[in-house]
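Here is the structure we will look at.
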Amino acid sequence: MTETVTSTTPRAVLVGVDFNSGSSFDPTLDELALLTESAGDQPVARVIARRKAPDPALFVGSGKADEIKGLVDLYQAHCVIFDQPLGSAQQRNLERHLGVEVLDRTGLILEIFAARARSHEGKLQVELARLQYLSTRLVRRWTHLERQRGGVGHRGGPGETQIELDRRMIAARIKSLKERLTRLERQRSTQRRARERHGTFRISLVGYTNAGKSTLFNALVKAQTYAADQLFATLDTTTRQLYLAQAGRSVSLSDTVGFIRDLPHSLVDAFQATLQEAADADLLLHVVDAASPNWLEQIHEVQRVLHEIGAAEVRQLLVFNKLDALEDSARPRGLRDHFEIEPGVLLPRCHVSARSGEGLAELREALTAEVLAALAPAAAAEPDPRFADLAAEDDGATPDGREPPAA
């Protein structure tokens with residue numbers, strides 16, 4: 001598949017491999033194309049390969065690698081991007097064979113995160129993930145330094161020395177970043193404990209990337225958080241107070257980073273402090289792009305990540321967003337219903353359009369119901385001060401707590 005070529009932006013050839021092994025595979029490469037555009041590159045051609053197993057040297061085999069090289073030359077592409085993770089040796093061999101930079105899905109996502117991080121913590125998290133990823137691929141960074149015989153009976157040389165030096169520098173930087181992120185996590189924990197002491201009800205927005213979380217966040221709390229029709233538009237967690245008039249109280253609403261298929265584990269680990277907002281929440285607003293043809297697969301991927309970060313047991317309210325983008329035949333009968341997210345597991349669901357505002361009133365009603373239901377057990381457990389004296393008399397004690405005088 002080829003696409004319109006624009007000379008002003010870097011061009012990329014996209015490659016996906018179907019191993020027929022039950023692994024995730026996008027036969028259209030549409031999501032990889034969106035990721036590529038988010039990184040500032042333009043997809044100009046797509047290649048689909050089918051293999052029983054990855055080729056140890058070139059991942060796709062020499063014949064398919066030659067086909068990709070022909071497309072690179074034809075479109076004067078600047079890079080080739082694979083939808084699956086590549087080994088360091090495979091990546092190095094492909095770059096030599098194709099003559100251009102080669103990225104895999106993990107490397108592409110890391111580049112996007114590096115460009116989008118704005119807060120101090122976000123930049124530290126992305127740098128940590130990139131260094132952990134780079135540490136396994138150092139060998140290809142120093143191909144210009146040959147390994148030479150240094151003397152009689154000795155092997156070594158500038159290449160080996162440079163790689164070892166680089167490894168030590170990266171290891172030291174990784175250690176420093178982890179220490180700084182640990183201190184930031186302690187600060188976050190202090191803030192969370194303060195909210196708990198004040199009895200703040202905490203709600204976190206979660207969902208697949210580009211589902212419209214930030215747009216919904218802005219619509220609910222009248223904030224100015226950056227929102228765009230692109231993958232990973234928001235990386236940094238933003239928290240605001242949301243007033244629910246029917247509940248007569250404010251709740252804490254947090255917008256978090258979006259999830260995606262095959263989200264790199266290094267990113268999950270690096271963003272653990274940020275993702276902890278979801279694990280510590282009292283309620284998750286699981287935002288779904290109802291207009292996406294893959295919305296069901298995206299729901300399952302979000303559920304998988306929630307299990308991974310320890311948020312699987314947090315109560316969820318499904319929000320099917322982008323109601324305005326649906327055809328009339330696909331619109332729901334009502335704006336509030338229930339959805340079976342897993343066999344035997346029904347969750348409340350609201351249909352909204354964060355852009356037009358349709359369904360937001362019903363969503364506020366659903367949020368109010370969730371908050372009141374969660375607070376009801378706590379309220380029931382607290383003794384009513386008006387009946388404290390009667391309770392004390394029933395226990396055989398005087399109102400001031402002393403034992404009654406002996407008869």
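Scheme for the structure tokens: letters A, B, ... for chains in order shown; per-chain residue numbers from 1; ligand numbers from 1 in order shown.
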**Prompt:** In stretch 252-316 of chain A, what's strand (DSSP E) per DSSP? Answer as a ChimeraX atom specification?
**Reply:** /A:252-255,283-289,316
Write out, as a compact mmCIF listing (two decimals), in the first residue's frame, the residues just selected, with N, CA and C atoms.
```
# COMPACT_ATOMS: atom_id res chain seq x y z
N SER A 252 -12.18 14.92 43.27
CA SER A 252 -10.91 15.13 42.59
C SER A 252 -10.92 14.34 41.28
N LEU A 253 -10.67 15.03 40.15
CA LEU A 253 -10.68 14.39 38.83
C LEU A 253 -9.29 14.52 38.21
N SER A 254 -8.70 13.37 37.81
CA SER A 254 -7.34 13.36 37.25
C SER A 254 -7.36 12.82 35.83
N ASP A 255 -6.64 13.50 34.94
CA ASP A 255 -6.46 13.05 33.56
C ASP A 255 -5.09 12.39 33.47
N LEU A 283 -12.73 5.71 41.85
CA LEU A 283 -13.54 5.40 40.67
C LEU A 283 -12.72 5.70 39.42
N LEU A 284 -12.82 4.81 38.43
CA LEU A 284 -12.17 5.02 37.15
C LEU A 284 -13.22 5.35 36.10
N LEU A 285 -13.02 6.45 35.39
CA LEU A 285 -13.84 6.76 34.22
C LEU A 285 -13.10 6.19 33.02
N HIS A 286 -13.57 5.03 32.56
CA HIS A 286 -12.92 4.33 31.44
C HIS A 286 -13.51 4.88 30.15
N VAL A 287 -12.75 5.76 29.47
CA VAL A 287 -13.23 6.43 28.27
C VAL A 287 -12.93 5.58 27.05
N VAL A 288 -13.95 5.37 26.22
CA VAL A 288 -13.84 4.52 25.04
C VAL A 288 -14.18 5.34 23.79
N ASP A 289 -13.40 5.17 22.74
CA ASP A 289 -13.70 5.81 21.46
C ASP A 289 -14.77 4.97 20.76
N GLN A 316 -15.35 0.88 38.08
CA GLN A 316 -15.28 1.56 36.79
C GLN A 316 -16.65 2.04 36.33
```
**Message:** When you look at A:Leu86 with a cut-off of 10 Å (counting only C-alpha atoms), what residues show up, excluding the ones that are within fewer than 5 positions of it in the same chain? I need them as JSON, numbers by chain.
**Reply:** {"A": [54, 58, 59, 91, 92, 94, 102, 103, 104, 105, 106, 107]}
Selection above as a file: N, CA and C atoms, as an mmCIF file, in the first residue's frame:
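Dumped everything to selection-v1.cif:
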```cif
data_model
loop_
_atom_site.group_PDB
_atom_site.id
_atom_site.type_symbol
_atom_site.label_atom_id
_atom_site.label_comp_id
_atom_site.auth_asym_id
_atom_site.auth_seq_id
_atom_site.Cartn_x
_atom_site.Cartn_y
_atom_site.Cartn_z
ATOM 1 N N PRO A 54 10.194 -15.359 13.402
ATOM 2 C CA PRO A 54 11.093 -14.278 12.961
ATOM 3 C C PRO A 54 12.413 -14.824 12.434
ATOM 4 N N LEU A 58 17.406 -10.949 9.926
ATOM 5 C CA LEU A 58 16.720 -9.794 9.338
ATOM 6 C C LEU A 58 15.241 -9.713 9.712
ATOM 7 N N PHE A 59 14.799 -10.530 10.630
ATOM 8 C CA PHE A 59 13.420 -10.521 11.132
ATOM 9 C C PHE A 59 12.408 -10.934 10.065
ATOM 10 N N GLN A 91 17.878 -5.275 14.376
ATOM 11 C CA GLN A 91 17.798 -3.865 14.046
ATOM 12 C C GLN A 91 19.079 -3.387 13.366
ATOM 13 N N ARG A 92 20.226 -3.814 13.880
ATOM 14 C CA ARG A 92 21.501 -3.415 13.300
ATOM 15 C C ARG A 92 21.661 -3.987 11.888
ATOM 16 N N LEU A 94 19.291 -4.893 9.796
ATOM 17 C CA LEU A 94 18.348 -4.251 8.883
ATOM 18 C C LEU A 94 18.839 -2.878 8.455
ATOM 19 N N VAL A 102 16.241 2.276 11.194
ATOM 20 C CA VAL A 102 15.169 1.306 11.441
ATOM 21 C C VAL A 102 14.695 1.456 12.877
ATOM 22 N N LEU A 103 13.396 1.577 13.042
ATOM 23 C CA LEU A 103 12.781 1.668 14.369
ATOM 24 C C LEU A 103 11.771 0.552 14.531
ATOM 25 N N ASP A 104 11.569 0.115 15.757
ATOM 26 C CA ASP A 104 10.441 -0.776 16.033
ATOM 27 C C ASP A 104 9.368 0.011 16.780
ATOM 28 N N ARG A 105 8.264 -0.656 17.063
ATOM 29 C CA ARG A 105 7.120 0.019 17.689
ATOM 30 C C ARG A 105 7.509 0.652 19.022
ATOM 31 N N THR A 106 8.312 -0.079 19.809
ATOM 32 C CA THR A 106 8.734 0.431 21.109
ATOM 33 C C THR A 106 9.551 1.705 20.967
ATOM 34 N N GLY A 107 10.531 1.691 20.055
ATOM 35 C CA GLY A 107 11.352 2.875 19.855
ATOM 36 C C GLY A 107 10.552 4.069 19.372
#
```
**Prompt:** Which residue out of A:Leu360, A:Val371, A:Leu14, A:Leu71 has the minimum interatomic distance to A:Gly248 when only C-alpha atoms are used?
**Reply:** A:Val371
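Distances here use only C-alpha atoms; by that measure, the residue among A:His351, A:Arg46, A:Arg173, A:Arg315 closest to A:Phe82 is A:Arg46.
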Neighbours of A:Glu179 within 12 Å (only C-alpha atoms; same-chain residues fewer than 5 positions away dropped), as a JSON list (two decimals) with N, CA and C atoms, in the first residue's frame?
```
[["chain", "number", "residue", "atom", "x", "y", "z"],
["A", 124, "LEU", "N", 11.65, 13.08, 33.22],
["A", 124, "LEU", "CA", 12.49, 12.10, 33.89],
["A", 124, "LEU", "C", 12.03, 10.68, 33.57],
["A", 125, "GLN", "N", 10.71, 10.47, 33.58],
["A", 125, "GLN", "CA", 10.17, 9.14, 33.30],
["A", 125, "GLN", "C", 10.51, 8.68, 31.89],
["A", 128, "LEU", "N", 14.26, 7.87, 31.52],
["A", 128, "LEU", "CA", 14.56, 6.57, 32.12],
["A", 128, "LEU", "C", 14.18, 5.44, 31.17],
["A", 172, "ALA", "N", 24.86, 4.61, 35.38],
["A", 172, "ALA", "CA", 24.89, 5.64, 36.42],
["A", 172, "ALA", "C", 23.71, 6.60, 36.27],
["A", 173, "ARG", "N", 23.40, 6.96, 35.04],
["A", 173, "ARG", "CA", 22.28, 7.88, 34.80],
["A", 173, "ARG", "C", 20.95, 7.22, 35.18],
["A", 174, "ILE", "N", 20.79, 5.95, 34.85],
["A", 174, "ILE", "CA", 19.57, 5.22, 35.20],
["A", 174, "ILE", "C", 19.39, 5.19, 36.72],
["A", 184, "LEU", "N", 10.15, 11.88, 43.99],
["A", 184, "LEU", "CA", 8.90, 12.45, 43.49],
["A", 184, "LEU", "C", 7.70, 11.58, 43.86],
["A", 185, "GLU", "N", 7.90, 10.28, 43.85],
["A", 185, "GLU", "CA", 6.81, 9.37, 44.23],
["A", 185, "GLU", "C", 6.45, 9.55, 45.69],
["A", 186, "ARG", "N", 7.46, 9.80, 46.55],
["A", 186, "ARG", "CA", 7.16, 10.04, 47.96],
["A", 186, "ARG", "C", 6.34, 11.31, 48.12],
["A", 270, "ALA", "N", 8.46, 3.03, 34.10],
["A", 270, "ALA", "CA", 8.91, 4.40, 34.31],
["A", 270, "ALA", "C", 7.76, 5.30, 34.75]]
```
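Our summary of the geometry notes that atom CA of A:Asp41 is positioned 20.2 Å from atom CA of A:Arg261.
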